[in-house]
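Participant: Following this line is protein.csv, made up of CSV, C-alpha atoms and all ligand atoms:
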chain,number,residue,atom,x,y,z
A,1,MET,CA,-11.2,3.0,-25.3
A,2,ASP,CA,-10.9,0.1,-22.9
A,3,PRO,CA,-14.4,-1.2,-21.9
A,4,VAL,CA,-13.3,-0.6,-18.2
A,5,ILE,CA,-11.9,2.6,-16.9
A,6,TYR,CA,-9.8,1.4,-14.0
A,7,MET,CA,-9.2,3.9,-11.2
A,8,ASP,CA,-8.8,1.4,-8.4
A,9,ASN,CA,-5.1,0.9,-8.5
A,10,ASN,CA,-4.6,1.1,-4.7
A,11,ALA,CA,-6.7,-2.1,-4.5
A,12,THR,CA,-4.7,-3.9,-7.2
A,13,THR,CA,-3.0,-3.0,-10.5
A,14,LYS,CA,-2.9,-4.4,-14.0
A,15,VAL,CA,0.1,-6.7,-14.5
A,16,ASP,CA,2.3,-4.9,-17.0
A,17,PRO,CA,2.5,-6.9,-20.3
A,18,ALA,CA,6.4,-6.7,-20.1
A,19,VAL,CA,6.1,-8.4,-16.7
A,20,VAL,CA,4.0,-11.3,-18.1
A,21,GLU,CA,6.5,-11.7,-20.9
A,22,GLU,CA,9.3,-12.0,-18.4
A,23,MET,CA,7.5,-14.6,-16.4
A,24,LEU,CA,6.2,-16.9,-19.1
A,25,PRO,CA,9.3,-19.0,-19.9
A,26,TYR,CA,9.5,-19.9,-16.2
A,27,PHE,CA,6.3,-21.9,-16.3
A,28,GLU,CA,6.8,-24.3,-19.1
A,29,GLN,CA,10.4,-24.1,-20.3
A,30,TRP,CA,12.6,-23.2,-17.2
A,31,TYR,CA,10.5,-24.9,-14.5
A,32,GLY,CA,13.5,-26.2,-12.5
A,33,ASN,CA,13.7,-25.9,-8.7
A,34,PRO,CA,16.2,-23.1,-7.9
A,35,SER,CA,17.5,-25.3,-5.0
A,36,SER,CA,18.5,-28.2,-7.3
A,37,MET,CA,22.1,-29.2,-7.9
A,38,HIS,CA,21.7,-29.4,-11.7
A,39,SER,CA,22.3,-26.4,-13.9
A,40,PHE,CA,18.7,-26.6,-15.2
A,41,GLY,CA,17.7,-25.5,-11.6
A,42,GLY,CA,20.7,-23.2,-11.3
A,43,ARG,CA,19.5,-21.2,-14.3
A,44,VAL,CA,16.4,-20.4,-12.3
A,45,ALA,CA,18.4,-19.5,-9.2
A,46,LYS,CA,20.4,-17.0,-11.3
A,47,LYS,CA,17.2,-15.4,-12.6
A,48,ILE,CA,15.9,-15.1,-9.0
A,49,GLN,CA,19.2,-13.4,-8.1
A,50,GLN,CA,18.6,-10.9,-10.9
A,51,ALA,CA,15.1,-10.1,-9.6
A,52,ARG,CA,16.6,-9.5,-6.1
A,53,GLU,CA,19.1,-7.1,-7.6
A,54,ARG,CA,16.4,-5.3,-9.6
A,55,ILE,CA,14.3,-4.8,-6.4
A,56,ALA,CA,17.4,-3.7,-4.4
A,57,ALA,CA,18.1,-1.1,-7.1
A,58,LEU,CA,14.6,0.3,-6.8
A,59,LEU,CA,14.8,0.4,-3.0
A,60,GLY,CA,18.4,1.6,-2.8
A,61,CYS,CA,19.5,-1.4,-0.6
A,62,GLN,CA,21.6,-4.6,-0.9
A,63,PRO,CA,20.2,-7.7,-2.7
A,64,ASP,CA,20.7,-9.8,0.4
A,65,GLU,CA,18.4,-7.5,2.4
A,66,ILE,CA,15.5,-8.7,0.2
A,67,LEU,CA,13.3,-11.5,1.5
A,68,PHE,CA,10.6,-12.8,-0.8
A,69,THR,CA,7.2,-13.5,0.7
A,70,SER,CA,3.7,-14.3,-0.5
A,71,GLY,CA,2.7,-10.7,-0.4
A,72,GLY,CA,2.2,-7.6,1.7
A,73,THR,CA,0.2,-9.4,4.4
A,74,GLU,CA,2.9,-12.0,5.0
A,75,SER,CA,5.6,-9.4,5.0
A,76,ASP,CA,3.7,-7.5,7.7
A,77,ASN,CA,3.1,-10.6,9.8
A,78,THR,CA,6.7,-11.6,9.4
A,79,ALA,CA,8.0,-8.3,10.6
A,80,ILE,CA,5.7,-8.2,13.6
A,81,HIS,CA,6.0,-11.8,14.8
A,82,GLY,CA,9.6,-12.2,13.8
A,83,THR,CA,10.6,-9.1,15.8
A,84,LEU,CA,8.6,-10.1,18.9
A,85,ALA,CA,10.3,-13.5,18.8
A,86,ALA,CA,13.7,-11.8,18.6
A,87,TYR,CA,12.9,-9.6,21.7
A,88,PRO,CA,10.9,-12.0,23.9
A,89,ARG,CA,11.0,-9.7,27.0
A,90,LYS,CA,9.6,-6.6,25.3
A,91,ARG,CA,5.8,-6.6,25.2
A,92,LYS,CA,4.7,-3.5,23.4
A,93,ILE,CA,4.1,-2.5,19.8
A,94,ILE,CA,3.4,1.0,18.6
A,95,THR,CA,1.4,1.5,15.4
A,96,THR,CA,-1.3,3.8,14.1
A,97,ARG,CA,-5.1,3.8,13.9
A,98,VAL,CA,-5.0,4.0,10.1
A,99,GLU,CA,-2.9,0.9,9.2
A,100,HIS,CA,-4.0,-1.7,6.7
A,101,PRO,CA,-5.7,-4.8,8.3
A,102,ALA,CA,-2.5,-6.7,7.5
A,103,ILE,CA,-1.0,-4.8,10.5
A,104,LEU,CA,-4.1,-4.0,12.6
A,105,SER,CA,-5.4,-7.6,12.7
A,106,PRO,CA,-2.1,-9.3,13.9
A,107,CYS,CA,-1.7,-6.4,16.5
A,108,ARG,CA,-5.2,-6.9,17.8
A,109,HIS,CA,-4.7,-10.6,18.0
A,110,LEU,CA,-1.5,-10.0,20.0
A,111,GLU,CA,-3.4,-7.7,22.3
A,112,GLN,CA,-5.6,-10.6,23.3
A,113,HIS,CA,-2.5,-12.5,24.1
A,114,GLY,CA,-1.1,-10.0,26.6
A,115,TYR,CA,0.8,-7.6,24.4
A,116,GLU,CA,0.3,-3.8,24.8
A,117,ILE,CA,-0.7,-2.2,21.5
A,118,TYR,CA,-0.5,1.6,21.2
A,119,GLU,CA,-2.3,3.0,18.2
A,120,LEU,CA,-1.2,6.6,17.4
A,121,SER,CA,-4.0,8.9,16.4
A,122,VAL,CA,-4.2,11.1,13.3
A,123,ASP,CA,-5.6,14.6,12.8
A,124,ARG,CA,-8.4,15.7,10.5
A,125,GLN,CA,-5.9,15.7,7.6
A,126,GLY,CA,-4.7,12.2,8.4
A,127,ARG,CA,-1.4,13.4,9.8
A,128,LEU,CA,0.2,11.9,12.9
A,129,SER,CA,2.2,13.6,15.6
A,130,LEU,CA,5.9,12.8,16.2
A,131,ASP,CA,5.4,14.2,19.7
A,132,GLU,CA,2.9,11.6,20.5
A,133,LEU,CA,5.3,8.9,19.3
A,134,ALA,CA,8.2,10.3,21.3
A,135,GLU,CA,5.9,10.2,24.4
A,136,VAL,CA,4.9,6.6,24.1
A,137,LEU,CA,8.3,5.1,22.9
A,138,ASP,CA,9.8,3.3,25.9
A,139,ASP,CA,12.1,0.5,26.8
A,140,ASN,CA,9.3,-2.0,26.7
A,141,THR,CA,8.7,-1.3,23.0
A,142,ALA,CA,9.7,-4.2,20.8
A,143,LEU,CA,8.6,-2.6,17.5
A,144,VAL,CA,7.2,0.5,15.9
A,145,THR,CA,5.3,-0.3,12.7
A,146,ILE,CA,3.9,2.7,10.8
A,147,MET,CA,2.7,2.7,7.2
A,148,TYR,CA,4.6,4.8,4.6
A,149,ALA,CA,1.5,6.0,2.8
A,150,ASN,CA,-2.1,5.4,3.5
A,151,ASN,CA,-4.0,3.1,1.0
A,152,GLU,CA,-7.3,5.1,1.4
A,153,THR,CA,-6.2,8.7,1.4
A,154,GLY,CA,-2.6,8.5,0.0
A,155,VAL,CA,-1.3,10.5,2.9
A,156,ILE,CA,2.5,10.1,3.3
A,157,PHE,CA,3.8,9.9,6.9
A,158,PRO,CA,7.1,11.5,8.0
A,159,ILE,CA,8.9,8.2,7.9
A,160,GLU,CA,12.5,9.5,8.4
A,161,GLY,CA,11.5,11.5,11.5
A,162,ILE,CA,9.7,8.4,12.9
A,163,GLY,CA,12.7,6.3,12.2
A,164,ALA,CA,15.1,8.8,13.8
A,165,LEU,CA,13.0,8.7,17.0
A,166,CYS,CA,13.1,4.9,17.0
A,167,ARG,CA,16.8,4.7,16.4
A,168,ALA,CA,17.5,7.1,19.2
A,169,ARG,CA,15.6,4.7,21.5
A,170,GLY,CA,17.1,1.6,20.0
A,171,VAL,CA,13.7,0.3,18.8
A,172,PRO,CA,13.3,-1.5,15.5
A,173,PHE,CA,11.2,0.4,12.9
A,174,HIS,CA,9.1,-1.4,10.3
A,175,THR,CA,7.1,0.4,7.6
A,176,ASP,CA,4.3,-1.0,5.4
A,177,ALA,CA,5.2,0.6,2.1
A,178,ALA,CA,2.9,-1.4,-0.1
A,179,GLN,CA,1.4,1.9,-1.4
A,180,ALA,CA,4.6,3.9,-1.6
A,181,VAL,CA,6.9,1.6,-3.5
A,182,GLY,CA,6.9,2.4,-7.2
A,183,LYS,CA,5.1,5.7,-6.7
A,184,ILE,CA,7.7,7.7,-4.8
A,185,PRO,CA,11.5,7.3,-4.8
A,186,LEU,CA,13.0,5.5,-1.9
A,187,ASN,CA,16.6,5.1,-0.8
A,188,LEU,CA,16.8,2.7,2.1
A,189,LYS,CA,20.6,2.9,2.4
A,190,ASP,CA,20.4,6.4,3.7
A,191,SER,CA,17.2,5.8,5.6
A,192,THR,CA,16.2,5.1,9.2
A,193,ILE,CA,13.9,2.3,8.1
A,194,ASP,CA,14.9,-1.2,9.5
A,195,MET,CA,12.2,-3.3,7.8
A,196,LEU,CA,9.9,-2.5,4.9
A,197,SER,CA,7.0,-4.4,3.4
A,198,LEU,CA,5.9,-4.2,-0.3
A,199,SER,CA,3.3,-6.1,-2.3
A,200,GLY,CA,3.8,-7.1,-6.0
A,201,HIS,CA,0.2,-6.5,-7.1
A,202,LYS,CA,0.3,-2.9,-6.1
A,203,LEU,CA,3.1,-2.1,-8.6
A,204,HIS,CA,2.0,-4.0,-11.8
A,205,ALA,CA,3.4,-7.4,-10.7
A,206,PRO,CA,1.1,-10.4,-9.9
A,207,LYS,CA,-0.8,-11.1,-6.8
A,208,GLY,CA,0.8,-13.5,-4.3
A,209,ILE,CA,4.3,-12.1,-4.3
A,210,GLY,CA,5.8,-9.6,-1.9
A,211,VAL,CA,9.0,-8.6,-0.2
A,212,LEU,CA,10.2,-7.9,3.3
A,213,TYR,CA,13.3,-5.7,3.3
A,214,ILE,CA,15.4,-6.5,6.4
A,215,ARG,CA,18.3,-4.1,7.0
A,216,ARG,CA,21.6,-6.0,7.5
A,217,GLY,CA,22.1,-6.6,11.3
A,218,VAL,CA,18.4,-6.3,12.2
A,219,ARG,CA,17.3,-9.2,14.4
A,220,LEU,CA,14.4,-11.3,13.1
A,221,VAL,CA,13.3,-14.8,13.9
A,222,PRO,CA,11.9,-16.7,10.8
A,223,PHE,CA,8.1,-16.8,10.7
A,224,ILE,CA,7.6,-19.6,8.2
A,225,LEU,CA,9.8,-22.6,8.9
A,226,GLY,CA,10.7,-25.2,6.3
A,227,GLY,CA,13.6,-25.6,3.9
A,228,HIS,CA,16.7,-23.5,3.8
A,229,GLN,CA,15.3,-21.1,1.1
A,230,GLU,CA,15.9,-17.3,1.3
A,231,ALA,CA,19.1,-17.9,3.3
A,232,GLY,CA,17.2,-19.8,6.0
A,233,ARG,CA,14.8,-16.8,6.6
A,234,ARG,CA,11.7,-18.3,5.0
A,235,GLY,CA,11.0,-22.0,4.2
A,236,GLY,CA,9.1,-23.1,1.1
A,237,THR,CA,9.9,-23.4,-2.6
A,238,GLU,CA,10.1,-20.0,-4.2
A,239,ASN,CA,7.2,-18.5,-6.2
A,240,VAL,CA,9.6,-18.4,-9.2
A,241,PRO,CA,7.4,-16.7,-11.8
A,242,GLY,CA,6.1,-14.3,-9.2
A,243,ILE,CA,9.6,-13.3,-8.1
A,244,ILE,CA,10.8,-12.8,-11.7
A,245,GLY,CA,7.7,-10.8,-12.4
A,246,LEU,CA,8.2,-8.6,-9.4
A,247,GLY,CA,11.9,-8.1,-10.4
A,248,LYS,CA,10.7,-6.8,-13.8
A,249,ALA,CA,8.0,-4.7,-12.3
A,250,ALA,CA,10.6,-3.1,-10.0
A,251,GLU,CA,12.8,-2.3,-12.9
A,252,LEU,CA,9.8,-0.7,-14.8
A,253,ALA,CA,8.8,1.2,-11.7
A,254,GLY,CA,12.2,2.8,-11.6
A,255,ALA,CA,11.9,3.7,-15.2
A,256,TYR,CA,8.4,5.1,-14.9
A,257,MET,CA,9.0,7.0,-11.5
A,258,GLU,CA,9.2,10.3,-13.3
A,259,ASP,CA,6.0,9.6,-15.3
A,260,GLU,CA,4.2,8.6,-12.0
A,261,ASN,CA,5.2,12.0,-10.4
A,262,THR,CA,4.4,14.2,-13.4
A,263,ARG,CA,1.9,12.8,-15.8
A,264,VAL,CA,-0.1,10.6,-13.3
A,265,ARG,CA,0.0,13.4,-10.7
A,266,ALA,CA,-1.3,15.8,-13.3
A,267,LEU,CA,-4.2,13.4,-14.2
A,268,ARG,CA,-5.1,13.1,-10.6
A,269,ASP,CA,-5.0,16.8,-10.1
A,270,ARG,CA,-7.1,17.3,-13.2
A,271,LEU,CA,-9.8,14.9,-11.9
A,272,GLU,CA,-9.7,16.6,-8.5
A,273,ALA,CA,-10.2,20.0,-9.9
A,274,LYS,CA,-13.0,18.9,-12.1
A,275,ILE,CA,-14.8,17.2,-9.2
A,276,LEU,CA,-14.5,20.2,-6.9
A,277,ALA,CA,-15.7,22.5,-9.7
A,278,THR,CA,-18.8,20.5,-10.6
A,279,CYS,CA,-19.9,19.0,-7.2
A,280,PRO,CA,-20.7,21.4,-4.4
A,281,ASP,CA,-20.4,20.2,-0.7
A,282,THR,CA,-17.4,18.1,-1.6
A,283,ILE,CA,-14.1,17.8,0.3
A,284,VAL,CA,-10.8,16.1,-0.4
A,285,ASN,CA,-9.8,13.8,2.4
A,286,GLY,CA,-6.2,13.7,3.5
A,287,ASP,CA,-3.2,16.1,3.6
A,288,ARG,CA,-3.0,17.4,0.0
A,289,GLN,CA,0.6,18.5,0.5
A,290,ASN,CA,1.9,15.1,1.5
A,291,ARG,CA,0.0,12.7,-0.7
A,292,LEU,CA,0.8,9.9,-3.2
A,293,PRO,CA,0.7,11.3,-6.7
A,294,ASN,CA,-2.0,8.8,-7.9
A,295,THR,CA,-4.6,8.9,-5.1
A,296,LEU,CA,-7.7,11.1,-4.7
A,297,ASN,CA,-10.1,10.5,-1.8
A,298,VAL,CA,-13.2,12.7,-1.9
A,299,SER,CA,-16.3,12.9,0.3
A,300,PHE,CA,-19.5,13.9,-1.4
A,301,GLU,CA,-21.8,15.1,1.4
A,302,TYR,CA,-25.3,13.6,1.7
A,303,VAL,CA,-24.7,10.6,-0.5
A,304,GLU,CA,-23.6,7.0,0.1
A,305,GLY,CA,-20.3,6.1,-1.4
A,306,GLU,CA,-21.7,2.7,-2.4
A,307,SER,CA,-24.4,4.4,-4.5
A,308,ILE,CA,-21.8,6.5,-6.3
A,309,LEU,CA,-19.8,3.4,-7.0
A,310,MET,CA,-22.8,1.6,-8.4
A,311,MET,CA,-23.6,4.5,-10.8
A,312,LEU,CA,-19.9,4.8,-11.8
A,313,ASN,CA,-19.9,1.1,-12.4
A,314,GLN,CA,-22.7,1.5,-15.0
A,315,TYR,CA,-20.3,3.5,-17.1
A,316,GLY,CA,-17.5,0.9,-16.5
A,317,ILE,CA,-15.7,3.1,-14.1
A,318,CYS,CA,-14.0,1.3,-11.3
A,319,ALA,CA,-13.3,3.2,-8.0
A,320,SER,CA,-13.6,2.3,-4.4
A,321,SER,CA,-15.2,3.4,-1.1
A,322,GLY,CA,-13.1,2.8,2.0
A,323,SER,CA,-10.6,-0.1,1.6
A,324,ALA,CA,-11.5,-3.2,-0.3
A,325,CYS,CA,-11.5,-5.3,2.9
A,326,THR,CA,-14.1,-3.2,4.6
A,327,SER,CA,-16.4,-2.6,1.7
A,328,GLY,CA,-19.5,-4.7,1.8
A,329,SER,CA,-20.3,-3.4,5.3
A,330,LEU,CA,-21.9,0.0,5.7
A,331,GLU,CA,-19.6,1.1,8.5
A,332,PRO,CA,-17.5,4.1,7.5
A,333,SER,CA,-13.9,3.0,7.1
A,334,HIS,CA,-11.6,3.0,10.2
A,335,VAL,CA,-9.4,5.5,8.4
A,336,MET,CA,-12.2,8.0,8.0
A,337,ARG,CA,-13.3,7.5,11.6
A,338,ALA,CA,-9.7,8.0,12.9
A,339,MET,CA,-9.5,11.2,10.9
A,340,GLY,CA,-12.8,12.4,12.5
A,341,VAL,CA,-14.5,12.8,9.1
A,342,PRO,CA,-18.1,13.6,10.0
A,343,PHE,CA,-20.6,10.8,9.5
A,344,THR,CA,-22.4,12.2,6.5
A,345,ALA,CA,-19.1,12.9,4.7
A,346,ALA,CA,-17.4,9.6,5.7
A,347,HIS,CA,-20.4,7.7,4.1
A,348,GLY,CA,-19.9,9.5,0.9
A,349,SER,CA,-16.2,8.9,0.5
A,350,VAL,CA,-14.9,7.6,-2.8
A,351,ARG,CA,-11.3,6.8,-3.7
A,352,PHE,CA,-10.0,7.2,-7.2
A,353,SER,CA,-6.5,5.7,-7.6
A,354,LEU,CA,-4.7,6.1,-10.9
A,355,SER,CA,-1.8,4.4,-12.6
A,356,ARG,CA,0.5,4.9,-15.6
A,357,PHE,CA,-2.1,3.0,-17.7
A,358,ASN,CA,-4.7,5.8,-17.3
A,359,THR,CA,-5.2,8.4,-20.0
A,360,GLN,CA,-6.5,12.0,-20.0
A,361,GLN,CA,-9.4,10.8,-22.1
A,362,GLU,CA,-10.5,8.5,-19.2
A,363,VAL,CA,-10.0,11.2,-16.6
A,364,ASP,CA,-12.2,13.6,-18.7
A,365,PHE,CA,-14.9,10.9,-19.1
A,366,VAL,CA,-15.1,10.4,-15.3
A,367,GLY,CA,-15.0,14.1,-14.7
A,368,GLU,CA,-18.0,14.6,-17.0
A,369,LYS,CA,-20.1,11.8,-15.5
A,370,ILE,CA,-19.5,12.5,-11.8
A,371,GLY,CA,-21.3,15.8,-11.5
A,372,PRO,CA,-24.6,14.5,-12.8
A,373,ILE,CA,-24.3,11.3,-10.8
A,374,ILE,CA,-23.9,13.3,-7.5
A,375,HIS,CA,-26.7,15.7,-8.4
A,376,ARG,CA,-29.1,12.8,-9.1
A,377,LEU,CA,-28.2,10.9,-6.0
A,378,ARG,CA,-28.6,14.0,-3.8
A,379,GLN,CA,-32.1,14.5,-5.2
A,380,LEU,CA,-32.9,11.0,-3.9
A,381,SER,CA,-31.0,11.3,-0.6
A,382,PRO,CA,-32.7,11.4,2.8
A,383,PHE,CA,-29.6,13.3,4.2
A,384,VAL,CA,-29.8,16.3,1.9
A,385,LYS,CA,-30.3,19.7,3.6
A,386,THR,CA,-33.9,20.9,3.1
A,387,ALA,CA,-33.0,24.2,1.6
A,401,LIG,C1,-2.4,-4.2,-0.4
A,401,LIG,C2,-1.8,-3.8,0.9
A,401,LIG,C3,-1.4,-4.8,1.8
A,401,LIG,C4,-1.6,-6.3,1.6
A,401,LIG,O1,-0.8,-6.8,0.5
A,401,LIG,P1,-1.2,-8.2,-0.1
A,401,LIG,O2,-0.1,-8.5,-1.1
A,401,LIG,O3,-2.5,-8.0,-0.8
A,401,LIG,O4,-1.2,-9.2,1.0
A,401,LIG,C5,-0.8,-4.4,3.0
A,401,LIG,N1,-0.7,-3.1,3.2
A,401,LIG,C6,-1.1,-2.1,2.4
A,401,LIG,C7,-0.9,-0.7,2.8
A,401,LIG,C8,-1.7,-2.5,1.2
A,401,LIG,O5,-2.1,-1.5,0.4
Would it be possible to restate this file's structure as structure tokens?
Ligand SMILES: *Cc1c(COP(=O)(O)O)cnc(C)c1O
Facilitator:
Amino acid sequence: MDPVIYMDNNATTKVDPAVVEEMLPYFEQWYGNPSSMHSFGGRVAKKIQQARERIAALLGCQPDEILFTSGGTESDNTAIHGTLAAYPRKRKIITTRVEHPAILSPCRHLEQHGYEIYELSVDRQGRLSLDELAEVLDDNTALVTIMYANNETGVIFPIEGIGALCRARGVPFHTDAAQAVGKIPLNLKDSTIDMLSLSGHKLHAPKGIGVLYIRRGVRLVPFILGGHQEAGRRGGTENVPGIIGLGKAAELAGAYMEDENTRVRALRDRLEAKILATCPDTIVNGDRQNRLPNTLNVSFEYVEGESILMMLNQYGICASSGSACTSGSLEPSHVMRAMGVPFTAAHGSVRFSLSRFNTQQEVDFVGEKIGPIIHRLRQLSPFVKTA
């Protein structure tokens, strides 16, 4: 068995060896600049075009609707700032309370600069209400940005319904799909999504590469100015190996989509069942009916998530409490707070996120260890009910 049992795939994923192999020649052998006039550079430009086509095939869109960025964070910032610049008279953004910091931070920054930011609430299962969205959509709204699937709970939002409401009001709709792409099938051609962000390192490509899908005809002012790369939509010499790796990862994601939704889902369900059977006072966070197939977020009452992670870590098991960006502080995550998860449960929340590289042997190992860990921690816990 691998010395590490990696169940933190919503934080980042292993680069698939086939992705590495695809990238390697473009460091030392084919290192040309894709913008060069010579055919040595032209060869690289062709390979970038192939990557664009592979990603378009996974998303069900046109290759020229793919804009390469430095990752999910840049894609999100580009969608927000690029749209506001395209609609300078509109001053409002609608988003949700459970977005990734790559959306929440730029929105809160804009709020300090006079924009109105409306954050939709979620219920105890992490679901949002289309009625609330319909109520707050108005002619002053420049952009609606709502994540496809939540990184902490895996809850999938009703994206097409959201997009339909936006379209009826003529408001552009962006979705941060960093957690959805590669895990659930998408078909952007027949969708109401105008812009979509994805991040390479969430789907077995490297860190530092991402995509912003921009539907043909959607207005967006470039965010990073420089050379004429990406059809003038983003300056800067392309991250060639990253782009090529992401193209290969997209092709593999399409091929493994079935596996993700059968084998990986079954492994997640097996882990969930084992945890619920061996750990009393444990709840699953998030709508179990509309959830990514790889994600399991559980709250163990009366124990600290951080203590659980440390004990799992001693067995080489990697999981997460809250999102990677908020861990290190003892505040319960903003997602748990927005869902109204009670204090004692929010503190004991742990996220297991699987991938196609996980095995049943690993799931059973974790399933065996977790019960005794929780039992021991509860014996030490100041929160435990005095029976
Ligand atoms: C990881 C992630 C991001 C950020 O992507 P980076 O490529 O790390 O910048 C944004 N949104 C969501 C939902 C994510 O999971």
Participant: Taking into account only C-alpha atoms and all ligand atoms, which residue in the set A:Asn285, A:Ser75, A:Thr141, A:Thr295 is nearest to ligand LIG 401 (chain A)?
Facilitator: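 Result for the nearest residue to ligand LIG 401 (chain A): A:Ser75.
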Participant: Hey, what's within 7 Å of segment 191-200 of chain A if we count all atoms listed in the file and toss same-chain stuff fewer than 2 positions away? As JSON, numbers by chain, please?
Facilitator: {"A": [71, 72, 75, 76, 160, 163, 164, 172, 173, 174, 175, 176, 177, 178, 181, 187, 188, 189, 202, 203, 204, 205, 206, 207, 209, 210, 211, 212, 213, 214, 215, 218, 246]}
Participant: What's the 7 Å shell around segment 39-56 of chain A, counting only C-alpha atoms, without same-chain residues fewer than 2 positions away, as a VMD selection string?
Facilitator: chain A and resid 30 32 to 37 58 to 63 66 243 to 244 247 to 248 250 to 251
Participant: So which one's closest to ligand LIG 401 (chain A), A:Ile159, A:Leu296, A:Ile370, A:Ala180? Using all atoms listed in the file, please.
Facilitator: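 Closest candidate: A:Ala180.
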Participant: What is the atom CA of Arg167 of chain A to atom CA of Gln112 of chain A distance in Å?
Facilitator: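 Taking atom CA of Arg167 of chain A as the start and atom CA of Gln112 of chain A as the end point, the length is 28.0 Å.
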Participant: For ligand LIG 401 (chain A), which residue among A:Thr73, A:Ser333, A:Asn261, A:Thr12 is the nearest when counting all atoms listed in the file?
Facilitator: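 So, comparing all the options, the nearest one is A:Thr73.
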Participant: Rounded to one decimal in Å, what is the spacing between atom CA of His201 of chain A and atom CA of Ala249 of chain A?
Facilitator: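 So the two atoms, atom CA of His201 of chain A and atom CA of Ala249 of chain A, lie 9.5 Å apart.
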Participant: Considering only C-alpha atoms and all ligand atoms, can you say which of A:His100, A:His109, A:Lys274, A:Lys90 comes closest to ligand LIG 401 (chain A)?
Facilitator: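 Using only C-alpha atoms and all ligand atoms, ligand LIG 401 (chain A) sits closest to A:His100.
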Participant: Between atom CA of Ala11 of chain A and atom CA of Gly242 of chain A, what is the distance in Å, rounded to a tenth?
Facilitator: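 Between these atoms lies a distance of 18.3 Å.
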Participant: Near Ala346 of chain A, counting all atoms listed in the file, which residues have an atom at most 12 Å away, once you skip same-chain residues fewer than 4 positions from it, shown as a count of residues only?
Facilitator: 33
Participant: Could you rebuild segment 117-121 of chain A with all heavy atoms and give me the result as a short mmCIF file (atom, residue, chain, number, x, y, z; two decimals), in the coordinates of the input?
Facilitator:
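To be explicit, this is the file written out as result_29.cif:
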data_model
loop_
_atom_site.label_atom_id
_atom_site.label_comp_id
_atom_site.auth_asym_id
_atom_site.auth_seq_id
_atom_site.Cartn_x
_atom_site.Cartn_y
_atom_site.Cartn_z
N ILE A 117 -0.69 -2.84 22.80
CA ILE A 117 -0.70 -2.20 21.50
C ILE A 117 -1.05 -0.77 21.62
O ILE A 117 -2.13 -0.46 22.13
CB ILE A 117 -1.65 -2.93 20.50
CG1 ILE A 117 -1.43 -4.45 20.48
CG2 ILE A 117 -1.51 -2.32 19.10
CD1 ILE A 117 -0.10 -4.91 19.96
N TYR A 118 -0.18 0.13 21.20
CA TYR A 118 -0.50 1.60 21.20
C TYR A 118 -0.75 2.03 19.80
O TYR A 118 0.14 1.94 18.95
CB TYR A 118 0.61 2.37 21.89
CG TYR A 118 0.16 3.80 22.12
CD1 TYR A 118 -0.39 4.20 23.33
CD2 TYR A 118 0.24 4.74 21.09
CE1 TYR A 118 -0.85 5.50 23.52
CE2 TYR A 118 -0.21 6.04 21.26
CZ TYR A 118 -0.76 6.41 22.48
OH TYR A 118 -1.21 7.69 22.67
N GLU A 119 -1.94 2.54 19.54
CA GLU A 119 -2.30 3.00 18.20
C GLU A 119 -2.25 4.56 18.20
O GLU A 119 -3.09 5.20 18.82
CB GLU A 119 -3.64 2.51 17.75
CG GLU A 119 -3.68 1.00 17.59
CD GLU A 119 -5.06 0.47 17.18
OE1 GLU A 119 -5.97 1.28 16.93
OE2 GLU A 119 -5.20 -0.77 17.13
N LEU A 120 -1.28 5.14 17.49
CA LEU A 120 -1.20 6.60 17.40
C LEU A 120 -2.41 7.14 16.66
O LEU A 120 -2.92 6.51 15.73
CB LEU A 120 0.08 6.99 16.64
CG LEU A 120 1.41 6.59 17.26
CD1 LEU A 120 2.55 6.77 16.26
CD2 LEU A 120 1.69 7.41 18.52
N SER A 121 -2.86 8.33 17.08
CA SER A 121 -4.00 8.90 16.40
C SER A 121 -3.54 9.79 15.24
O SER A 121 -2.34 10.04 15.07
CB SER A 121 -4.77 9.79 17.42
OG SER A 121 -3.88 10.71 18.00
#
